[in-house]
Amino acid sequence: MFRSIRFVPLTIRLFAGRIARFRVWRIDNVRRKLVVGNWKMYGRLARNQELLQGVLAGVRELRGADYAVCVPYPYLAQAQSLLQGSNVAWGAQNLSPNEEGAFTGAVAPGMLTDFGCKFVIIGHSERRGLFHESNEVASAKFDAAQKAGMTPIFCVGETLAERESDITEQVVATQLDAVLDRAGVQALSNAVIAYEPVWAIGTGKTASPEQAQAVHAFIRRRVGGHDPEVAEKLCILYGGSVKAANAEALFGMADIDGGLIGGASLVAEEFVAICRAAQK
Ligand code: 13P
C-alpha cells in the first residue's frame with residue numbers, strides 16, 4: 001500500500017517528463033508542411049465557388065499541415081466568406097509597399113487585412129519579370145506585408161540561363177539578401193520562402209526532388225549563417241509544376257516544407273491530392 005502510493009507520483013512525474021521532452025522535441029525539430037495555391041490571374045465567381053467548395057470538402061479532414069489559397073484581389077471577399085472558420089487560409093498575390101496615397105491601381109496592405117488575408121505572395125518571378133519588380137521593391141513589399149500583420153511568401157529562383165551558367169546559388173542569395181539586409185534575419189521567423197525556379201513554372205518541367213532539395217538546403221544554410229534557430233524553423237516551399245503525381249517525392253525531401261502551386265491549384269481534386277501528400 002505505502003509502496004504503491006509512493007510509486008504513483010514517481011510514475012506520473014516520469015511520464016510527465018517524457019511528455020514534456022516529446023513536446024519540446026516536436027517544437028524544436030518539426031516544421032509543419034504548408035501547401036499554398038497561387039491562382040494567378042484565373043477565376044470567375046461561379047468557378048471559384050465550385051473550386052473552393054471542392055477544396056474545403058477534400059481538405060476538411062486533413063490534419064498536421066496548413067493550407068491556403070492566394071486569389072486575385074476581387075475575389076478576396078468571396079474567399080473570406082467561403083473559407084472563414086475552415087482549415088484553409090487565404091491571401092493575395094501582391095501588394096503596394098505604401099500604406100495609402102495617390103497610387104492608381106495599387107492595393108494597400110491594410111486593404112488586404114480588411115479582408116482577412118493571412119498570406120501575401122511577394123516577388124513572384126512573374127512580378128519580377130513581367131512587371132520589372134526589383135529586389136529592392138520586393139523587399140519593401142515584404143516589410144510592408146509584415147508591418148500589416150501578414151505572413152509574406154517571398155519567392156526566389158533562377159532562370160534557365162542562370163542555371164545553365166551555374167549561378168543559381170548566386171541569384172538566390174542576392175534575392176534572399178535583399179530581405180535579410182533590409183528586414184533582418186528575425187523577420188524570417190514570420191515569413192515563408194518559396195523557391196521557384198523560373199524554368200519550372202508553368203512548363204510542366206519540375207525540378208527533380210534532388211535539384212530542389214539542393215537549393216532549399218542552400219537557402220537554409222544561408223539563413224543559418226545569420227541565425228541557426230530561425231533557419232531551422234523556416235518554412236521553405238517549392239514551386240514549379242507541382243502536381244499530385246510528383247508532390248510526395250518533393251515533400252519527402254529534408255528541406256522542402258510544402259509547395260506553392262500554380263496550375264494544379266485550379267483543379268480541386270488535384271490540389272486536394274497535393275494537400276494530402278503533405279500529410280505523409
Ligand atoms: P505552376 O505550378 O503552374 O508551374 O506555377 C508555379 C507558380 O508559379 C506558383 O507560384
# chains A, B, ... in the order shown; residues from 1 in each chain; ligands from 1

$ closest_atom_pairs --of "chain A" --to "ligand 1" --cutoff "8 Å" --atoms "only C-alpha atoms and all ligand atoms" --output "JSON lines"
{"residue": "A:Gly37", "atom": "CA", "partner": "ligand 1", "partner_atom_place_in_ligand_line": "9 (C)", "distance": 7.2}
{"residue": "A:Asn38", "atom": "CA", "partner": "ligand 1", "partner_atom_place_in_ligand_line": "10 (O)", "distance": 5.2}
{"residue": "A:Lys40", "atom": "CA", "partner": "ligand 1", "partner_atom_place_in_ligand_line": "10 (O)", "distance": 7.6}
{"residue": "A:His124", "atom": "CA", "partner": "ligand 1", "partner_atom_place_in_ligand_line": "10 (O)", "distance": 6.6}
{"residue": "A:Ser125", "atom": "CA", "partner": "ligand 1", "partner_atom_place_in_ligand_line": "8 (O)", "distance": 7.4}
{"residue": "A:Glu126", "atom": "CA", "partner": "ligand 1", "partner_atom_place_in_ligand_line": "8 (O)", "distance": 7.6}
{"residue": "A:Glu196", "atom": "CA", "partner": "ligand 1", "partner_atom_place_in_ligand_line": "8 (O)", "distance": 6.8}
{"residue": "A:Val198", "atom": "CA", "partner": "ligand 1", "partner_atom_place_in_ligand_line": "8 (O)", "distance": 7.9}
{"residue": "A:Ala200", "atom": "CA", "partner": "ligand 1", "partner_atom_place_in_ligand_line": "4 (O)", "distance": 6.0}
{"residue": "A:Ile201", "atom": "CA", "partner": "ligand 1", "partner_atom_place_in_ligand_line": "4 (O)", "distance": 3.5}
{"residue": "A:Gly202", "atom": "CA", "partner": "ligand 1", "partner_atom_place_in_ligand_line": "4 (O)", "distance": 3.5}
{"residue": "A:Thr203", "atom": "CA", "partner": "ligand 1", "partner_atom_place_in_ligand_line": "4 (O)", "distance": 6.2}
{"residue": "A:Gly204", "atom": "CA", "partner": "ligand 1", "partner_atom_place_in_ligand_line": "4 (O)", "distance": 6.5}
{"residue": "A:Thr206", "atom": "CA", "partner": "ligand 1", "partner_atom_place_in_ligand_line": "4 (O)", "distance": 7.8}
{"residue": "A:Gly239", "atom": "CA", "partner": "ligand 1", "partner_atom_place_in_ligand_line": "6 (C)", "distance": 5.0}
{"residue": "A:Gly240", "atom": "CA", "partner": "ligand 1", "partner_atom_place_in_ligand_line": "4 (O)", "distance": 3.9}
{"residue": "A:Ser241", "atom": "CA", "partner": "ligand 1", "partner_atom_place_in_ligand_line": "4 (O)", "distance": 3.5}
{"residue": "A:Val242", "atom": "CA", "partner": "ligand 1", "partner_atom_place_in_ligand_line": "2 (O)", "distance": 5.2}
{"residue": "A:Lys243", "atom": "CA", "partner": "ligand 1", "partner_atom_place_in_ligand_line": "2 (O)", "distance": 7.4}
{"residue": "A:Leu260", "atom": "CA", "partner": "ligand 1", "partner_atom_place_in_ligand_line": "9 (C)", "distance": 4.9}
{"residue": "A:Ile261", "atom": "CA", "partner": "ligand 1", "partner_atom_place_in_ligand_line": "2 (O)", "distance": 4.4}
{"residue": "A:Gly262", "atom": "CA", "partner": "ligand 1", "partner_atom_place_in_ligand_line": "2 (O)", "distance": 3.4}
{"residue": "A:Gly263", "atom": "CA", "partner": "ligand 1", "partner_atom_place_in_ligand_line": "3 (O)", "distance": 3.8}
{"residue": "A:Ala264", "atom": "CA", "partner": "ligand 1", "partner_atom_place_in_ligand_line": "2 (O)", "distance": 6.0}
{"residue": "A:Ser265", "atom": "CA", "partner": "ligand 1", "partner_atom_place_in_ligand_line": "2 (O)", "distance": 7.6}

$ write_last_selection --atoms "C-alpha atoms" --output "compact mmCIF listing (two decimals), in the first residue's frame"
# COMPACT_ATOMS: atom_id res chain seq x y z
CA GLY A 37 -2.42 27.65 -54.16
CA ASN A 38 -1.45 30.60 -56.34
CA LYS A 40 -2.55 33.84 -60.61
CA HIS A 124 6.93 36.12 -57.69
CA SER A 125 9.02 35.68 -60.84
CA GLU A 126 6.04 36.87 -62.94
CA GLU A 196 10.51 28.67 -57.65
CA VAL A 198 11.61 30.14 -63.31
CA ALA A 200 9.90 25.06 -63.94
CA ILE A 201 6.95 27.47 -63.69
CA GLY A 202 4.03 26.58 -65.93
CA THR A 203 6.30 24.49 -68.14
CA GLY A 204 5.50 21.02 -66.85
CA THR A 206 9.55 20.12 -62.43
CA GLY A 239 7.02 25.86 -56.59
CA GLY A 240 7.14 24.97 -60.27
CA SER A 241 4.89 22.38 -61.93
CA VAL A 242 3.98 20.63 -58.68
CA LYS A 243 1.25 18.07 -59.30
CA LEU A 260 3.41 26.87 -53.89
CA ILE A 261 1.07 25.51 -56.52
CA GLY A 262 0.03 27.30 -59.71
CA GLY A 263 -1.92 25.43 -62.38
CA ALA A 264 -2.74 22.43 -60.22
CA SER A 265 -4.40 24.66 -57.59

$ residues_around --residues "A:Ala249" --least-positions-apart "2" --cutoff "9 Å" --atoms "only C-alpha atoms" --output "count of residues only"
9

$ residues_around --residues "A:Gly123" --least-positions-apart "5" --cutoff "8 Å" --atoms "only C-alpha atoms" --output "mmCIF file with N, CA and C atoms, in the first residue's frame"
data_model
loop_
_atom_site.group_PDB
_atom_site.id
_atom_site.type_symbol
_atom_site.label_atom_id
_atom_site.label_comp_id
_atom_site.auth_asym_id
_atom_site.auth_seq_id
_atom_site.Cartn_x
_atom_site.Cartn_y
_atom_site.Cartn_z
ATOM 1 N N ASN A 94 0.044 39.977 -54.309
ATOM 2 C CA ASN A 94 0.884 41.169 -54.471
ATOM 3 C C ASN A 94 0.310 42.232 -53.538
ATOM 4 N N ARG A 128 8.488 39.901 -60.984
ATOM 5 C CA ARG A 128 9.860 40.376 -61.245
ATOM 6 C C ARG A 128 10.088 40.538 -62.750
ATOM 7 N N GLU A 133 9.810 44.121 -61.298
ATOM 8 C CA GLU A 133 9.952 44.353 -59.858
ATOM 9 C C GLU A 133 11.371 44.000 -59.428
ATOM 10 N N ASN A 135 14.665 43.609 -56.661
ATOM 11 C CA ASN A 135 14.862 43.072 -55.313
ATOM 12 C C ASN A 135 14.516 44.127 -54.259
ATOM 13 N N ALA A 138 10.742 44.381 -54.018
ATOM 14 C CA ALA A 138 10.224 43.161 -53.390
ATOM 15 C C ALA A 138 10.493 43.177 -51.881
ATOM 16 N N PHE A 154 7.827 34.863 -49.742
ATOM 17 C CA PHE A 154 8.816 35.562 -50.559
ATOM 18 C C PHE A 154 9.433 34.592 -51.568
ATOM 19 N N CYS A 155 9.265 34.920 -52.855
ATOM 20 C CA CYS A 155 9.707 33.992 -53.901
ATOM 21 C C CYS A 155 11.112 34.308 -54.395
ATOM 22 N N VAL A 156 11.875 33.263 -54.574
ATOM 23 C CA VAL A 156 13.215 33.379 -55.150
ATOM 24 C C VAL A 156 13.359 32.275 -56.206
#

$ select_by_dssp --residues "stretch 5-245 of chain A" --states "strand (DSSP E or B)" --output "PyMOL selection string"
chain A and resi 33-38+65-70+88-92+119-122+151-156+192-195+235-239

$ residues_around --residues "A:Ala108" --least-positions-apart "2" --cutoff "7 Å" --atoms "only C-alpha atoms" --output "ChimeraX atom specification"
/A:95-96,98-100,106,110-112

$ decode --residues "stretch 80-220 of chain A" --atoms "C-alpha atoms" --output "PDB file, in the first residue's frame"
ATOM      1  CA  GLN A  80     -13.155  35.159 -46.919  1.00  0.00           C
ATOM      2  CA  SER A  81     -16.841  34.333 -46.823  1.00  0.00           C
ATOM      3  CA  LEU A  82     -16.360  30.744 -48.002  1.00  0.00           C
ATOM      4  CA  LEU A  83     -13.200  29.869 -46.059  1.00  0.00           C
ATOM      5  CA  GLN A  84     -13.717  31.658 -42.751  1.00  0.00           C
ATOM      6  CA  GLY A  85     -13.647  29.190 -39.871  1.00  0.00           C
ATOM      7  CA  SER A  86     -12.171  26.398 -42.052  1.00  0.00           C
ATOM      8  CA  ASN A  87      -8.655  24.949 -42.134  1.00  0.00           C
ATOM      9  CA  VAL A  88      -7.896  26.763 -45.407  1.00  0.00           C
ATOM     10  CA  ALA A  89      -6.438  30.258 -45.081  1.00  0.00           C
ATOM     11  CA  TRP A  90      -6.390  32.820 -47.887  1.00  0.00           C
ATOM     12  CA  GLY A  91      -4.232  35.618 -49.125  1.00  0.00           C
ATOM     13  CA  ALA A  92      -3.252  37.837 -52.038  1.00  0.00           C
ATOM     14  CA  GLN A  93      -0.583  37.680 -54.730  1.00  0.00           C
ATOM     15  CA  ASN A  94       0.884  41.169 -54.471  1.00  0.00           C
ATOM     16  CA  LEU A  95       0.535  44.425 -52.568  1.00  0.00           C
ATOM     17  CA  SER A  96       1.739  48.017 -52.598  1.00  0.00           C
ATOM     18  CA  PRO A  97       4.605  48.852 -50.257  1.00  0.00           C
ATOM     19  CA  ASN A  98       2.736  52.080 -49.418  1.00  0.00           C
ATOM     20  CA  GLU A  99       0.074  52.425 -46.738  1.00  0.00           C
ATOM     21  CA  GLU A 100      -2.150  54.687 -48.834  1.00  0.00           C
ATOM     22  CA  GLY A 101      -1.935  57.519 -51.319  1.00  0.00           C
ATOM     23  CA  ALA A 102      -2.303  58.511 -54.939  1.00  0.00           C
ATOM     24  CA  PHE A 103      -1.185  55.200 -56.449  1.00  0.00           C
ATOM     25  CA  THR A 104      -3.823  54.437 -59.065  1.00  0.00           C
ATOM     26  CA  GLY A 105      -4.490  50.744 -59.425  1.00  0.00           C
ATOM     27  CA  ALA A 106      -2.403  49.713 -56.402  1.00  0.00           C
ATOM     28  CA  VAL A 107      -3.688  47.844 -53.349  1.00  0.00           C
ATOM     29  CA  ALA A 108      -2.510  48.743 -49.840  1.00  0.00           C
ATOM     30  CA  PRO A 109      -1.531  46.179 -47.184  1.00  0.00           C
ATOM     31  CA  GLY A 110      -4.348  47.354 -44.903  1.00  0.00           C
ATOM     32  CA  MET A 111      -6.867  46.651 -47.660  1.00  0.00           C
ATOM     33  CA  LEU A 112      -5.740  43.026 -47.686  1.00  0.00           C
ATOM     34  CA  THR A 113      -6.032  42.664 -43.921  1.00  0.00           C
ATOM     35  CA  ASP A 114      -9.520  44.212 -44.143  1.00  0.00           C
ATOM     36  CA  PHE A 115     -10.428  41.017 -45.987  1.00  0.00           C
ATOM     37  CA  GLY A 116      -8.683  38.699 -43.541  1.00  0.00           C
ATOM     38  CA  CYS A 117      -5.600  37.866 -45.640  1.00  0.00           C
ATOM     39  CA  LYS A 118      -3.080  35.804 -43.720  1.00  0.00           C
ATOM     40  CA  PHE A 119      -0.581  35.465 -46.564  1.00  0.00           C
ATOM     41  CA  VAL A 120       0.656  37.577 -49.434  1.00  0.00           C
ATOM     42  CA  ILE A 121       2.963  36.377 -52.192  1.00  0.00           C
ATOM     43  CA  ILE A 122       5.886  38.740 -52.738  1.00  0.00           C
ATOM     44  CA  GLY A 123       8.430  38.873 -55.550  1.00  0.00           C
ATOM     45  CA  HIS A 124       6.930  36.125 -57.692  1.00  0.00           C
ATOM     46  CA  SER A 125       9.019  35.683 -60.839  1.00  0.00           C
ATOM     47  CA  GLU A 126       6.044  36.867 -62.938  1.00  0.00           C
ATOM     48  CA  ARG A 127       6.090  40.146 -60.967  1.00  0.00           C
ATOM     49  CA  ARG A 128       9.860  40.376 -61.245  1.00  0.00           C
ATOM     50  CA  GLY A 129       9.901  39.538 -64.961  1.00  0.00           C
ATOM     51  CA  LEU A 130       6.692  40.989 -66.426  1.00  0.00           C
ATOM     52  CA  PHE A 131       6.363  43.972 -64.085  1.00  0.00           C
ATOM     53  CA  HIS A 132      10.076  44.695 -63.626  1.00  0.00           C
ATOM     54  CA  GLU A 133       9.952  44.353 -59.858  1.00  0.00           C
ATOM     55  CA  SER A 134      13.439  44.733 -58.417  1.00  0.00           C
ATOM     56  CA  ASN A 135      14.862  43.072 -55.313  1.00  0.00           C
ATOM     57  CA  GLU A 136      14.572  46.465 -53.647  1.00  0.00           C
ATOM     58  CA  VAL A 137      10.847  46.800 -54.365  1.00  0.00           C
ATOM     59  CA  ALA A 138      10.224  43.161 -53.390  1.00  0.00           C
ATOM     60  CA  SER A 139      11.961  43.629 -50.038  1.00  0.00           C
ATOM     61  CA  ALA A 140       9.993  46.846 -49.388  1.00  0.00           C
ATOM     62  CA  LYS A 141       6.784  44.890 -50.037  1.00  0.00           C
ATOM     63  CA  PHE A 142       7.979  42.135 -47.690  1.00  0.00           C
ATOM     64  CA  ASP A 143       8.401  44.739 -44.976  1.00  0.00           C
ATOM     65  CA  ALA A 144       5.020  46.336 -45.643  1.00  0.00           C
ATOM     66  CA  ALA A 145       3.271  42.953 -45.524  1.00  0.00           C
ATOM     67  CA  GLN A 146       4.777  42.120 -42.137  1.00  0.00           C
ATOM     68  CA  LYS A 147       4.030  45.547 -40.717  1.00  0.00           C
ATOM     69  CA  ALA A 148       0.384  44.992 -41.646  1.00  0.00           C
ATOM     70  CA  GLY A 149       0.415  41.651 -39.811  1.00  0.00           C
ATOM     71  CA  MET A 150       0.533  39.273 -42.768  1.00  0.00           C
ATOM     72  CA  THR A 151       2.971  36.472 -43.493  1.00  0.00           C
ATOM     73  CA  PRO A 152       4.885  37.183 -46.690  1.00  0.00           C
ATOM     74  CA  ILE A 153       5.608  34.283 -49.034  1.00  0.00           C
ATOM     75  CA  PHE A 154       8.816  35.562 -50.559  1.00  0.00           C
ATOM     76  CA  CYS A 155       9.707  33.992 -53.901  1.00  0.00           C
ATOM     77  CA  VAL A 156      13.215  33.379 -55.150  1.00  0.00           C
ATOM     78  CA  GLY A 157      14.522  31.399 -58.098  1.00  0.00           C
ATOM     79  CA  GLU A 158      16.767  31.367 -61.121  1.00  0.00           C
ATOM     80  CA  THR A 159      16.038  31.423 -64.854  1.00  0.00           C
ATOM     81  CA  LEU A 160      17.131  28.620 -67.151  1.00  0.00           C
ATOM     82  CA  ALA A 161      20.003  30.752 -68.486  1.00  0.00           C
ATOM     83  CA  GLU A 162      21.167  31.402 -64.918  1.00  0.00           C
ATOM     84  CA  ARG A 163      21.033  27.710 -64.037  1.00  0.00           C
ATOM     85  CA  GLU A 164      22.932  26.831 -67.175  1.00  0.00           C
ATOM     86  CA  SER A 165      25.545  29.449 -66.298  1.00  0.00           C
ATOM     87  CA  ASP A 166      25.874  27.753 -62.913  1.00  0.00           C
ATOM     88  CA  ILE A 167      24.909  30.869 -60.958  1.00  0.00           C
ATOM     89  CA  THR A 168      21.735  29.548 -59.278  1.00  0.00           C
ATOM     90  CA  GLU A 169      23.098  29.997 -55.755  1.00  0.00           C
ATOM     91  CA  GLN A 170      24.377  33.471 -56.520  1.00  0.00           C
ATOM     92  CA  VAL A 171      20.981  34.577 -57.885  1.00  0.00           C
ATOM     93  CA  VAL A 172      19.031  33.075 -54.983  1.00  0.00           C
ATOM     94  CA  ALA A 173      21.482  34.550 -52.462  1.00  0.00           C
ATOM     95  CA  THR A 174      21.051  38.047 -53.922  1.00  0.00           C
ATOM     96  CA  GLN A 175      17.260  37.756 -53.787  1.00  0.00           C
ATOM     97  CA  LEU A 176      17.333  36.450 -50.228  1.00  0.00           C
ATOM     98  CA  ASP A 177      19.879  39.020 -49.076  1.00  0.00           C
ATOM     99  CA  ALA A 178      17.555  41.811 -50.201  1.00  0.00           C
ATOM    100  CA  VAL A 179      15.229  40.777 -47.366  1.00  0.00           C
ATOM    101  CA  LEU A 180      17.935  39.869 -44.866  1.00  0.00           C
ATOM    102  CA  ASP A 181      19.658  43.226 -45.355  1.00  0.00           C
ATOM    103  CA  ARG A 182      16.506  45.279 -45.139  1.00  0.00           C
ATOM    104  CA  ALA A 183      14.383  43.467 -42.569  1.00  0.00           C
ATOM    105  CA  GLY A 184      16.979  41.414 -40.674  1.00  0.00           C
ATOM    106  CA  VAL A 185      17.042  37.671 -40.076  1.00  0.00           C
ATOM    107  CA  GLN A 186      14.438  37.781 -37.284  1.00  0.00           C
ATOM    108  CA  ALA A 187      11.870  38.919 -39.852  1.00  0.00           C
ATOM    109  CA  LEU A 188      12.129  35.448 -41.360  1.00  0.00           C
ATOM    110  CA  SER A 189      10.623  33.924 -38.232  1.00  0.00           C
ATOM    111  CA  ASN A 190       7.273  35.134 -39.541  1.00  0.00           C
ATOM    112  CA  ALA A 191       7.761  34.536 -43.224  1.00  0.00           C
ATOM    113  CA  VAL A 192       7.766  31.786 -45.786  1.00  0.00           C
ATOM    114  CA  ILE A 193      10.323  31.447 -48.571  1.00  0.00           C
ATOM    115  CA  ALA A 194       9.256  29.877 -51.860  1.00  0.00           C
ATOM    116  CA  TYR A 195      11.935  28.514 -54.148  1.00  0.00           C
ATOM    117  CA  GLU A 196      10.506  28.668 -57.646  1.00  0.00           C
ATOM    118  CA  PRO A 197      12.950  28.000 -60.460  1.00  0.00           C
ATOM    119  CA  VAL A 198      11.612  30.137 -63.310  1.00  0.00           C
ATOM    120  CA  TRP A 199      12.252  27.367 -65.848  1.00  0.00           C
ATOM    121  CA  ALA A 200       9.896  25.064 -63.938  1.00  0.00           C
ATOM    122  CA  ILE A 201       6.949  27.475 -63.694  1.00  0.00           C
ATOM    123  CA  GLY A 202       4.030  26.578 -65.931  1.00  0.00           C
ATOM    124  CA  THR A 203       6.300  24.491 -68.145  1.00  0.00           C
ATOM    125  CA  GLY A 204       5.498  21.021 -66.846  1.00  0.00           C
ATOM    126  CA  LYS A 205       9.250  20.688 -66.162  1.00  0.00           C
ATOM    127  CA  THR A 206       9.547  20.116 -62.433  1.00  0.00           C
ATOM    128  CA  ALA A 207      12.879  20.391 -60.689  1.00  0.00           C
ATOM    129  CA  SER A 208      13.847  16.919 -59.524  1.00  0.00           C
ATOM    130  CA  PRO A 209      13.478  16.406 -55.770  1.00  0.00           C
ATOM    131  CA  GLU A 210      17.296  16.392 -55.535  1.00  0.00           C
ATOM    132  CA  GLN A 211      17.681  19.617 -57.534  1.00  0.00           C
ATOM    133  CA  ALA A 212      15.072  21.359 -55.398  1.00  0.00           C
ATOM    134  CA  GLN A 213      16.480  19.948 -52.151  1.00  0.00           C
ATOM    135  CA  ALA A 214      19.952  21.271 -53.010  1.00  0.00           C
ATOM    136  CA  VAL A 215      18.674  24.841 -53.357  1.00  0.00           C
ATOM    137  CA  HIS A 216      16.423  24.562 -50.299  1.00  0.00           C
ATOM    138  CA  ALA A 217      19.377  23.379 -48.240  1.00  0.00           C
ATOM    139  CA  PHE A 218      21.424  26.271 -49.600  1.00  0.00           C
ATOM    140  CA  ILE A 219      18.702  28.754 -48.543  1.00  0.00           C
ATOM    141  CA  ARG A 220      18.534  27.239 -45.049  1.00  0.00           C
TER     142      ARG A 220
END
